$ cat model-v3.txt   # compact mmCIF, C-alpha atoms
# COMPACT_ATOMS: atom_id res chain seq x y z
CA MET Z 119 -105.12 54.24 -36.99
CA THR Z 120 -105.37 54.82 -40.72
CA GLY Z 121 -103.97 58.32 -40.27
CA ASN Z 122 -100.58 56.85 -39.31
CA ARG Z 123 -100.28 54.89 -42.51
CA SER Z 124 -97.86 56.33 -45.03
CA LEU Z 125 -95.35 55.06 -47.53
CA PRO Z 126 -91.62 55.62 -47.06
CA VAL Z 127 -89.67 57.61 -49.62
CA SER Z 128 -87.06 56.25 -51.99
CA ARG Z 129 -83.48 56.41 -50.72
CA VAL Z 130 -81.95 55.97 -54.19
CA PRO Z 131 -79.55 58.85 -54.91
CA ASP Z 132 -79.21 60.66 -58.22
CA SER Z 133 -77.34 58.38 -60.60
CA ARG Z 134 -75.12 61.27 -61.71
CA ASP Z 135 -73.62 61.45 -58.22
CA ALA Z 136 -72.09 57.96 -58.36
CA PRO Z 137 -68.28 57.96 -58.71
CA PRO Z 138 -67.37 57.29 -62.34
CA LEU Z 139 -65.85 54.00 -63.39
CA ARG Z 140 -64.41 52.99 -66.75
CA TRP Z 141 -66.77 50.38 -68.21
CA ALA Z 142 -66.35 47.89 -71.03
CA ILE Z 143 -69.27 46.11 -72.65
CA MET Z 144 -68.97 42.51 -73.79
CA GLY Z 145 -71.47 41.86 -76.58
CA PRO Z 146 -72.96 44.68 -78.73
CA GLY Z 147 -76.58 43.46 -78.80
CA TRP Z 148 -79.97 44.99 -78.01
CA ILE Z 149 -79.57 45.20 -74.22
CA ALA Z 150 -76.06 46.66 -74.62
CA GLU Z 151 -77.57 49.45 -76.76
CA ARG Z 152 -80.21 50.22 -74.11
CA PHE Z 153 -77.65 50.10 -71.28
CA THR Z 154 -75.29 52.45 -73.10
CA GLU Z 155 -78.04 54.93 -73.94
CA SER Z 156 -79.32 55.00 -70.37
CA VAL Z 157 -75.90 55.20 -68.71
CA GLN Z 158 -74.63 57.93 -71.02
CA ALA Z 159 -77.78 60.00 -70.54
CA HIS Z 160 -78.23 59.67 -66.78
CA THR Z 161 -74.83 59.03 -65.16
CA SER Z 162 -71.20 60.15 -65.08
CA GLN Z 163 -70.01 56.60 -65.82
CA VAL Z 164 -67.58 56.24 -68.72
CA ILE Z 165 -68.20 53.53 -71.30
CA ALA Z 166 -64.66 53.19 -72.54
CA ALA Z 167 -64.69 50.03 -74.67
CA ILE Z 168 -66.92 47.61 -76.54
CA GLY Z 169 -66.00 44.07 -77.55
CA SER Z 170 -67.47 41.43 -79.84
CA ARG Z 171 -66.32 38.37 -81.74
CA SER Z 172 -66.83 40.62 -84.78
CA LEU Z 173 -64.60 43.70 -84.96
CA ASP Z 174 -66.98 45.25 -87.50
CA ARG Z 175 -69.91 44.99 -85.07
CA SER Z 176 -67.80 46.48 -82.27
CA GLU Z 177 -66.66 49.38 -84.43
CA LEU Z 178 -70.20 50.16 -85.58
CA PHE Z 179 -71.44 50.11 -81.98
CA ALA Z 180 -68.55 52.32 -80.85
CA ALA Z 181 -69.22 54.83 -83.64
CA ARG Z 182 -72.93 55.05 -82.77
CA HIS Z 183 -72.25 55.77 -79.10
CA GLY Z 184 -68.94 57.63 -79.11
CA ILE Z 185 -67.02 54.83 -77.42
CA PRO Z 186 -63.25 55.27 -77.89
CA ALA Z 187 -62.13 51.62 -78.08
CA ALA Z 188 -63.53 48.67 -80.04
CA PHE Z 189 -62.20 45.10 -79.91
CA GLY Z 190 -62.76 42.06 -82.09
CA SER Z 191 -62.40 39.49 -79.30
CA TYR Z 192 -63.61 39.16 -75.74
CA LYS Z 193 -60.09 38.30 -74.58
CA GLU Z 194 -58.70 41.59 -75.91
CA LEU Z 195 -61.56 43.48 -74.28
CA ALA Z 196 -60.93 41.78 -70.92
CA ALA Z 197 -57.28 42.84 -71.08
CA SER Z 198 -58.10 46.49 -71.81
CA ASP Z 199 -57.73 49.43 -69.42
CA VAL Z 200 -61.15 49.38 -67.74
CA ASP Z 201 -62.47 48.92 -64.21
CA ILE Z 202 -65.53 46.76 -64.84
CA ILE Z 203 -67.01 44.66 -67.63
CA TYR Z 204 -70.73 44.50 -68.32
CA VAL Z 205 -71.51 41.11 -69.85
CA ALA Z 206 -74.30 41.56 -72.39
CA THR Z 207 -73.85 38.43 -74.52
CA PRO Z 208 -76.70 35.92 -75.06
CA HIS Z 209 -77.28 34.29 -71.71
CA ASN Z 210 -75.83 30.89 -72.55
CA PHE Z 211 -72.44 32.67 -72.90
CA HIS Z 212 -72.70 34.63 -69.63
CA TYR Z 213 -70.77 32.10 -67.56
CA LYS Z 214 -67.67 31.88 -69.75
CA ALA Z 215 -67.68 35.63 -70.40
CA ALA Z 216 -67.92 36.44 -66.70
CA LEU Z 217 -65.06 34.09 -65.83
CA LEU Z 218 -62.95 35.60 -68.61
CA ALA Z 219 -63.50 39.06 -67.15
CA LEU Z 220 -62.79 37.95 -63.57
CA ASP Z 221 -59.67 36.05 -64.59
CA ALA Z 222 -58.44 39.26 -66.23
CA GLY Z 223 -58.82 41.04 -62.88
CA LYS Z 224 -61.95 42.98 -63.80
CA HIS Z 225 -65.07 43.54 -61.75
CA VAL Z 226 -68.16 42.23 -63.53
CA LEU Z 227 -71.84 43.05 -63.94
CA ILE Z 228 -73.63 40.22 -65.73
CA GLU Z 229 -76.88 40.76 -67.59
CA LYS Z 230 -79.72 38.64 -66.27
CA PRO Z 231 -79.88 35.75 -65.94
CA ILE Z 232 -76.46 35.43 -64.35
CA GLY Z 233 -76.07 32.00 -66.00
CA ILE Z 234 -78.28 29.24 -67.35
CA ASN Z 235 -78.32 27.17 -64.15
CA ARG Z 236 -77.41 27.20 -60.46
CA GLU Z 237 -74.03 25.60 -61.07
CA GLN Z 238 -72.97 28.48 -63.31
CA ALA Z 239 -74.30 31.12 -60.91
CA ALA Z 240 -72.42 29.56 -58.00
CA GLY Z 241 -69.30 29.20 -60.13
CA ILE Z 242 -69.25 32.90 -60.92
CA ALA Z 243 -69.79 33.79 -57.26
CA ASP Z 244 -66.96 31.48 -56.17
CA ARG Z 245 -64.52 32.80 -58.79
CA ALA Z 246 -65.28 36.43 -57.84
CA ALA Z 247 -64.80 35.68 -54.14
CA GLU Z 248 -61.48 33.92 -54.80
CA ALA Z 249 -60.26 36.91 -56.82
CA GLY Z 250 -61.57 39.52 -54.38
CA LEU Z 251 -63.55 41.14 -57.20
CA PHE Z 252 -67.04 42.57 -57.44
CA ALA Z 253 -69.73 40.55 -59.21
CA ALA Z 254 -73.46 41.05 -59.58
CA GLU Z 255 -76.39 40.09 -61.76
CA ALA Z 256 -77.89 43.01 -63.66
CA MET Z 257 -81.45 42.38 -62.48
CA TRP Z 258 -82.18 46.05 -63.11
CA THR Z 259 -85.70 45.97 -61.64
CA PHE Z 260 -84.40 45.68 -58.08
CA PHE Z 261 -82.33 48.86 -58.46
CA LEU Z 262 -85.32 51.08 -59.35
CA PRO Z 263 -86.48 53.70 -56.82
CA LYS Z 264 -89.86 51.99 -56.48
CA PHE Z 265 -88.21 48.75 -55.39
CA ASP Z 266 -86.30 50.56 -52.67
CA VAL Z 267 -89.67 51.72 -51.35
CA ILE Z 268 -91.18 48.24 -51.73
CA ARG Z 269 -88.25 46.79 -49.80
CA GLN Z 270 -88.86 49.28 -46.99
CA VAL Z 271 -92.57 48.43 -46.94
CA LEU Z 272 -91.80 44.73 -46.63
CA ASP Z 273 -89.14 45.26 -43.98
CA SER Z 274 -91.49 47.46 -41.92
CA GLY Z 275 -94.11 44.74 -41.62
CA MET Z 276 -96.82 46.97 -43.11
CA LEU Z 277 -98.26 44.02 -45.02
CA GLY Z 278 -98.30 41.78 -41.95
CA ASP Z 279 -97.27 38.16 -42.38
CA LEU Z 280 -96.65 37.48 -46.06
CA THR Z 281 -98.85 34.72 -47.47
CA THR Z 282 -98.78 34.81 -51.27
CA VAL Z 283 -96.99 36.21 -54.31
CA PHE Z 284 -98.50 36.24 -57.80
CA ALA Z 285 -96.25 37.26 -60.70
CA GLU Z 286 -96.32 36.78 -64.47
CA TYR Z 287 -94.65 38.02 -67.65
CA GLY Z 288 -95.53 37.36 -71.29
CA GLU Z 289 -94.47 39.03 -74.54
CA HIS Z 290 -94.94 38.65 -78.27
CA PHE Z 291 -91.78 38.14 -80.32
CA ASP Z 292 -91.01 38.13 -84.01
CA ARG Z 293 -90.32 34.56 -85.10
CA SER Z 294 -86.69 35.51 -85.90
CA HIS Z 295 -85.95 36.38 -82.24
CA ARG Z 296 -83.29 34.34 -80.41
CA ILE Z 297 -85.95 33.31 -77.84
CA PHE Z 298 -87.04 30.68 -80.37
CA ASP Z 299 -83.52 29.26 -80.79
CA PRO Z 300 -82.87 26.07 -78.77
CA ALA Z 301 -79.12 26.49 -79.35
CA LEU Z 302 -79.24 29.80 -77.42
CA ALA Z 303 -81.14 28.37 -74.42
CA GLY Z 304 -84.35 29.86 -75.79
CA GLY Z 305 -87.85 29.84 -74.37
CA PRO Z 306 -89.42 32.37 -71.99
CA LEU Z 307 -88.02 31.10 -68.67
CA LEU Z 308 -84.62 32.83 -68.68
CA ASP Z 309 -85.63 35.84 -70.82
CA LEU Z 310 -88.93 36.75 -69.15
CA GLY Z 311 -89.64 34.29 -66.36
CA THR Z 312 -86.51 35.32 -64.50
CA TYR Z 313 -88.35 38.52 -63.49
CA PRO Z 314 -91.33 36.92 -61.69
CA LEU Z 315 -89.11 34.13 -60.39
CA SER Z 316 -86.59 36.62 -59.00
CA LEU Z 317 -89.37 38.57 -57.29
CA ILE Z 318 -90.88 35.44 -55.75
CA THR Z 319 -87.57 34.07 -54.47
CA SER Z 320 -86.43 37.49 -53.22
CA VAL Z 321 -89.62 37.92 -51.17
CA LEU Z 322 -90.29 34.34 -50.02
CA GLY Z 323 -86.97 32.52 -50.37
CA GLU Z 324 -86.59 29.04 -51.84
CA PRO Z 325 -89.71 26.86 -52.04
CA ASP Z 326 -89.94 23.54 -50.25
CA HIS Z 327 -92.31 22.18 -52.89
CA LEU Z 328 -92.91 23.06 -56.52
CA LEU Z 329 -95.23 21.88 -59.29
CA ALA Z 330 -94.65 22.99 -62.88
CA LEU Z 331 -96.60 22.72 -66.13
CA GLY Z 332 -95.16 23.44 -69.54
CA GLU Z 333 -96.15 23.70 -73.19
CA PRO Z 334 -93.69 23.14 -76.05
CA HIS Z 335 -93.25 25.40 -79.06
CA GLU Z 336 -92.83 24.11 -82.60
CA SER Z 337 -89.34 25.66 -82.71
CA GLY Z 338 -88.17 23.21 -80.07
CA VAL Z 339 -88.12 25.59 -77.10
CA ASN Z 340 -90.64 25.85 -74.29
CA ALA Z 341 -93.56 28.15 -75.20
CA GLN Z 342 -95.21 28.59 -71.83
CA LEU Z 343 -94.79 27.43 -68.28
CA SER Z 344 -96.52 27.92 -64.97
CA ALA Z 345 -95.36 26.97 -61.51
CA VAL Z 346 -97.07 26.76 -58.12
CA MET Z 347 -94.76 26.85 -55.10
CA SER Z 348 -95.13 26.36 -51.37
CA PHE Z 349 -92.80 27.80 -48.74
CA ALA Z 350 -92.21 27.46 -45.01
CA GLY Z 351 -95.15 28.62 -42.92
CA GLY Z 352 -97.76 27.79 -45.55
CA ARG Z 353 -96.85 30.63 -47.91
CA GLN Z 354 -97.46 30.13 -51.61
CA ALA Z 355 -96.52 31.65 -54.96
CA MET Z 356 -97.77 31.33 -58.51
CA MET Z 357 -95.91 32.35 -61.67
CA ASN Z 358 -96.48 32.16 -65.41
CA THR Z 359 -94.30 33.11 -68.34
CA GLN Z 360 -94.92 32.69 -72.06
CA LEU Z 361 -93.86 33.93 -75.48
CA HIS Z 362 -97.28 33.91 -77.20
CA ASN Z 363 -98.33 37.48 -76.54
CA PHE Z 364 -98.16 40.49 -74.25
CA THR Z 365 -99.65 40.19 -70.77
CA PRO Z 366 -100.20 42.79 -68.02
CA THR Z 367 -96.91 41.61 -66.45
CA SER Z 368 -98.43 42.08 -63.05
CA ALA Z 369 -97.24 41.26 -59.56
CA THR Z 370 -99.00 41.21 -56.21
CA ILE Z 371 -97.57 40.52 -52.76
CA VAL Z 372 -100.28 39.52 -50.26
CA GLY Z 373 -100.00 39.83 -46.49
CA THR Z 374 -102.35 39.37 -43.56
CA GLU Z 375 -102.62 43.15 -43.04
CA ALA Z 376 -102.46 44.53 -46.60
CA SER Z 377 -101.70 43.68 -50.23
CA LEU Z 378 -99.17 45.41 -52.48
CA THR Z 379 -99.85 45.44 -56.23
CA ILE Z 380 -97.19 46.72 -58.61
CA ASP Z 381 -98.45 48.44 -61.75
CA GLY Z 382 -97.68 46.50 -64.91
CA PRO Z 383 -95.15 45.98 -66.27
CA PHE Z 384 -93.96 45.41 -62.71
CA ASN Z 385 -90.33 45.03 -63.76
CA MET Z 386 -90.06 48.56 -65.19
CA PRO Z 387 -90.26 52.06 -63.69
CA GLY Z 388 -93.78 52.83 -62.51
CA GLY Z 389 -96.05 52.94 -59.49
CA PHE Z 390 -97.58 50.55 -56.99
CA ALA Z 391 -100.34 50.59 -54.40
CA VAL Z 392 -100.82 49.16 -50.92
CA ARG Z 393 -104.44 48.30 -50.10
CA PHE Z 394 -105.87 47.60 -46.65
CA PRO Z 395 -109.09 45.71 -45.85
CA ASP Z 396 -110.77 48.90 -44.58
CA GLY Z 397 -110.46 50.48 -48.02
CA THR Z 398 -107.39 52.60 -47.32
CA ARG Z 399 -105.10 52.83 -50.35
CA LEU Z 400 -101.53 54.14 -50.35
CA ALA Z 401 -100.17 54.94 -53.79
CA TYR Z 402 -96.55 55.29 -54.84
CA GLU Z 403 -96.31 57.38 -57.98
CA GLU Z 404 -93.36 57.05 -60.33
CA PRO Z 405 -93.41 57.94 -64.03
CA ALA Z 406 -93.79 54.84 -66.18
CA GLY Z 407 -90.67 54.06 -68.16
CA ALA Z 408 -88.62 51.39 -69.82
CA HIS Z 409 -84.93 50.53 -70.14
CA PHE Z 410 -83.78 54.04 -70.99
CA GLU Z 411 -85.35 55.38 -67.81
CA GLY Z 412 -84.22 52.52 -65.59
CA LEU Z 413 -80.96 50.79 -66.50
CA HIS Z 414 -78.79 53.62 -65.22
CA TYR Z 415 -79.76 52.91 -61.60
CA GLU Z 416 -77.95 49.56 -61.58
CA ALA Z 417 -74.79 51.08 -63.10
CA ALA Z 418 -74.76 53.83 -60.47
CA ALA Z 419 -75.36 51.39 -57.61
CA VAL Z 420 -72.56 49.14 -58.82
CA ALA Z 421 -70.17 52.09 -59.10
CA ARG Z 422 -70.99 53.18 -55.54
CA ALA Z 423 -70.44 49.66 -54.21
CA ILE Z 424 -67.08 49.25 -55.94
CA ALA Z 425 -65.91 52.70 -54.81
CA ALA Z 426 -66.81 51.67 -51.24
CA GLY Z 427 -64.78 48.46 -51.53
CA GLN Z 428 -67.82 46.19 -51.57
CA LEU Z 429 -67.87 42.96 -53.56
CA GLU Z 430 -71.67 42.74 -53.88
CA VAL Z 431 -74.74 44.96 -53.99
CA PRO Z 432 -77.57 44.68 -51.44
CA GLN Z 433 -80.18 45.14 -54.16
CA ARG Z 434 -79.22 41.79 -55.75
CA PRO Z 435 -76.89 39.70 -53.59
CA LEU Z 436 -75.24 36.79 -55.36
CA ALA Z 437 -76.98 34.35 -53.00
CA GLU Z 438 -80.32 35.55 -54.35
CA SER Z 439 -79.15 35.13 -57.95
CA ILE Z 440 -78.04 31.58 -57.13
CA ARG Z 441 -81.37 30.84 -55.43
CA THR Z 442 -83.36 32.04 -58.42
CA MET Z 443 -81.38 29.81 -60.75
CA ALA Z 444 -81.86 26.84 -58.39
CA VAL Z 445 -85.63 27.26 -58.62
CA ALA Z 446 -85.45 27.68 -62.41
CA ASP Z 447 -83.49 24.40 -62.48
CA ALA Z 448 -86.22 22.70 -60.43
CA ILE Z 449 -88.88 23.92 -62.88
CA ARG Z 450 -86.86 22.72 -65.87
CA ASN Z 451 -86.18 19.34 -64.29
CA GLN Z 452 -89.91 18.75 -63.91
CA LEU Z 453 -90.56 19.77 -67.51
CA GLY Z 454 -87.55 18.01 -69.05
CA ILE Z 455 -86.06 21.26 -70.41
CA VAL Z 456 -82.29 20.88 -70.93
CA PHE Z 457 -80.10 23.59 -72.44
CA PRO Z 458 -77.07 23.04 -74.70
CA GLY Z 459 -74.04 21.76 -72.78
CA GLU Z 460 -76.08 20.30 -69.93
CA SER Z 461 -76.82 16.69 -69.13
CA SER Z 462 -79.65 17.83 -66.88
CA ALA Z 463 -81.23 21.13 -65.83
CA SER Z 464 -78.93 21.21 -62.82
CA GLY Z 465 -76.05 21.87 -65.19
CA ARG Z 466 -74.12 18.68 -64.58
CA ARG Z 467 -72.38 17.15 -67.57
CA ASP Z 468 -71.93 13.47 -68.37
$ encode --input "model-v3.txt" --output "structure tokens"
Amino acid sequence: MTGNRSLPVSRVPDSRDAPPLRWAIMGPGWIAERFTESVQAHTSQVIAAIGSRSLDRSELFAARHGIPAAFGSYKELAASDVDIIYVATPHNFHYKAALLALDAGKHVLIEKPIGINREQAAGIADRAAEAGLFAAEAMWTFFLPKFDVIRQVLDSGMLGDLTTVFAEYGEHFDRSHRIFDPALAGGPLLDLGTYPLSLITSVLGEPDHLLALGEPHESGVNAQLSAVMSFAGGRQAMMNTQLHNFTPTSATIVGTEASLTIDGPFNMPGGFAVRFPDGTRLAYEEPAGAHFEGLHYEAAAVARAIAAGQLEVPQRPLAESIRTMAVADAIRNQLGIVFPGESSASGRRD
């Protein structure tokens, strides 16, 4: 019986083979730098423009990366001659930036999280559908080759009936980081916690019951939170995220036949193992990497989808992005965490 056990192979094509699109980047920050470096090194995609509210910042970014056009406003960028806009602003600006791009007739890839609440995520999805344009959340983890294999393992039933998911993510940040800024929807939930929460909701769906615990930080943001969730059929999940220090950033999916543990950090390129009760272990080997080694996969997948006339990507459907934000809202509602512009964590205004 054990002799028949084997892992599938990744079906992710070479990123260089994806049909090239003309990309614009909205927001010249840290993640935009990493995205540009990865895309230019590993794909045939063309980054044709960069935009910021500061023309100087745009021009410096463009000079560093050989980008031909730089704009000093998001509106000018949205009107430029490009196929798709990658929204890389701080996440509390994702919603307005995405709508600006869609209203200008551009496809859009929005850095995670897609918005700060479910209402914003659903609003982006609705606007894209009305316009007949592509939209997706840049949850880059789900586009990695290892996650294609994990998806096949789950779909095959190799793990049996799924019972539990454990996932966590913690990092240390310099005190000047925007994660400590309440005005920028700071705290670990949307920066880090979106990874374990996205994994849990992708694998198990939306919980029917949730209990959350939180700890405040002196800056005014949340410092740490944990959540225990129950799902239909008695399944459970546990997640933790915090900004105090680095953690293994581990994830395990447990089933009645086997358990799958993703090497930490689980959200980046790397390996995983499937373990059976009889001691059999199946290992998927993938070189460990970070953003440079991984961000190009989402750009290539998006380009393939748009070239094929698709309005979404199977790796991160908009319904899953909306679901993740709904669960994040439920956690925040229990902890009393409200972001700027909201009257509650659901996103409704007075």
$ residues_around --input "model-v3.txt" --residues "Ile165 in chain Z" --least-positions-apart "2" --cutoff "10 Å" --atoms "only C-alpha atoms" --output "PyMOL selection string"
chain Z and resi 138-143+154+157-158+162-163+167-168+180+183-187+200+202-204
$ write_last_selection --input "model-v3.txt" --atoms "C-alpha atoms" --output "PDB file, in the coordinates of the input"
ATOM      1  CA  PRO Z 138     -67.370  57.290 -62.340  1.00  0.00           C
ATOM      2  CA  LEU Z 139     -65.850  54.000 -63.390  1.00  0.00           C
ATOM      3  CA  ARG Z 140     -64.410  52.990 -66.750  1.00  0.00           C
ATOM      4  CA  TRP Z 141     -66.770  50.380 -68.210  1.00  0.00           C
ATOM      5  CA  ALA Z 142     -66.350  47.890 -71.030  1.00  0.00           C
ATOM      6  CA  ILE Z 143     -69.270  46.110 -72.650  1.00  0.00           C
ATOM      7  CA  THR Z 154     -75.290  52.450 -73.100  1.00  0.00           C
ATOM      8  CA  VAL Z 157     -75.900  55.200 -68.710  1.00  0.00           C
ATOM      9  CA  GLN Z 158     -74.630  57.930 -71.020  1.00  0.00           C
ATOM     10  CA  SER Z 162     -71.200  60.150 -65.080  1.00  0.00           C
ATOM     11  CA  GLN Z 163     -70.010  56.600 -65.820  1.00  0.00           C
ATOM     12  CA  ALA Z 167     -64.690  50.030 -74.670  1.00  0.00           C
ATOM     13  CA  ILE Z 168     -66.920  47.610 -76.540  1.00  0.00           C
ATOM     14  CA  ALA Z 180     -68.550  52.320 -80.850  1.00  0.00           C
ATOM     15  CA  HIS Z 183     -72.250  55.770 -79.100  1.00  0.00           C
ATOM     16  CA  GLY Z 184     -68.940  57.630 -79.110  1.00  0.00           C
ATOM     17  CA  ILE Z 185     -67.020  54.830 -77.420  1.00  0.00           C
ATOM     18  CA  PRO Z 186     -63.250  55.270 -77.890  1.00  0.00           C
ATOM     19  CA  ALA Z 187     -62.130  51.620 -78.080  1.00  0.00           C
ATOM     20  CA  VAL Z 200     -61.150  49.380 -67.740  1.00  0.00           C
ATOM     21  CA  ILE Z 202     -65.530  46.760 -64.840  1.00  0.00           C
ATOM     22  CA  ILE Z 203     -67.010  44.660 -67.630  1.00  0.00           C
ATOM     23  CA  TYR Z 204     -70.730  44.500 -68.320  1.00  0.00           C
TER      24      TYR Z 204
END
$ closest_residue --input "model-v3.txt" --among "Z:Glu375, Z:Glu229, Z:Glu403, Z:Glu411" --to "Met276 in chain Z" --atoms "all atoms listed in the file"
Z:Glu375
$ atom_distance --input "model-v3.txt" --atom1 "CA of Ala249 in chain Z" --atom2 "CA of Phe153 in chain Z"
26.2 Å
$ closest_residue --input "model-v3.txt" --among "Z:Asp132, Z:Glu155, Z:Asp447, Z:Asp221" --to "Leu315 in chain Z" --atoms "only C-alpha atoms"
Z:Asp447
$ atom_distance --input "model-v3.txt" --atom1 "CA of Gly459 in chain Z" --atom2 "CA of Ser439 in chain Z"
20.6 Å
$ closest_residue --input "model-v3.txt" --among "Z:Tyr415, Z:Ile371, Z:Asn235, Z:Asp244" --to "Ser461 in chain Z" --atoms "only C-alpha atoms"
Z:Asn235
$ atom_distance --input "model-v3.txt" --atom1 "CA of Asp326 in chain Z" --atom2 "CA of Leu307 in chain Z"
20.0 Å
$ axis_aligned_box --input "model-v3.txt" --around "range 424-429 of chain Z" --padding-each-side "5 Å" --output "AutoDock Vina command-line options"
--center_x -66.3 --center_y 47.8 --center_z -53.6 --size_x 13.1 --size_y 19.7 --size_z 14.7
$ closest_residue --input "model-v3.txt" --among "Z:Ile149, Z:Leu322, Z:Val431, Z:Ala417" --to "Gly351 in chain Z" --atoms "only C-alpha atoms"
Z:Leu322
$ residues_around --input "model-v3.txt" --residues "range 352-357 of chain Z" --least-positions-apart "3" --cutoff "6 Å" --atoms "only C-alpha atoms" --output "list in words"
Thr281, Thr282, Val283, Phe284, Ala285, Glu286, Ser344, Ala345, Val346, Met347, Ser348 and Phe349 of chain Z
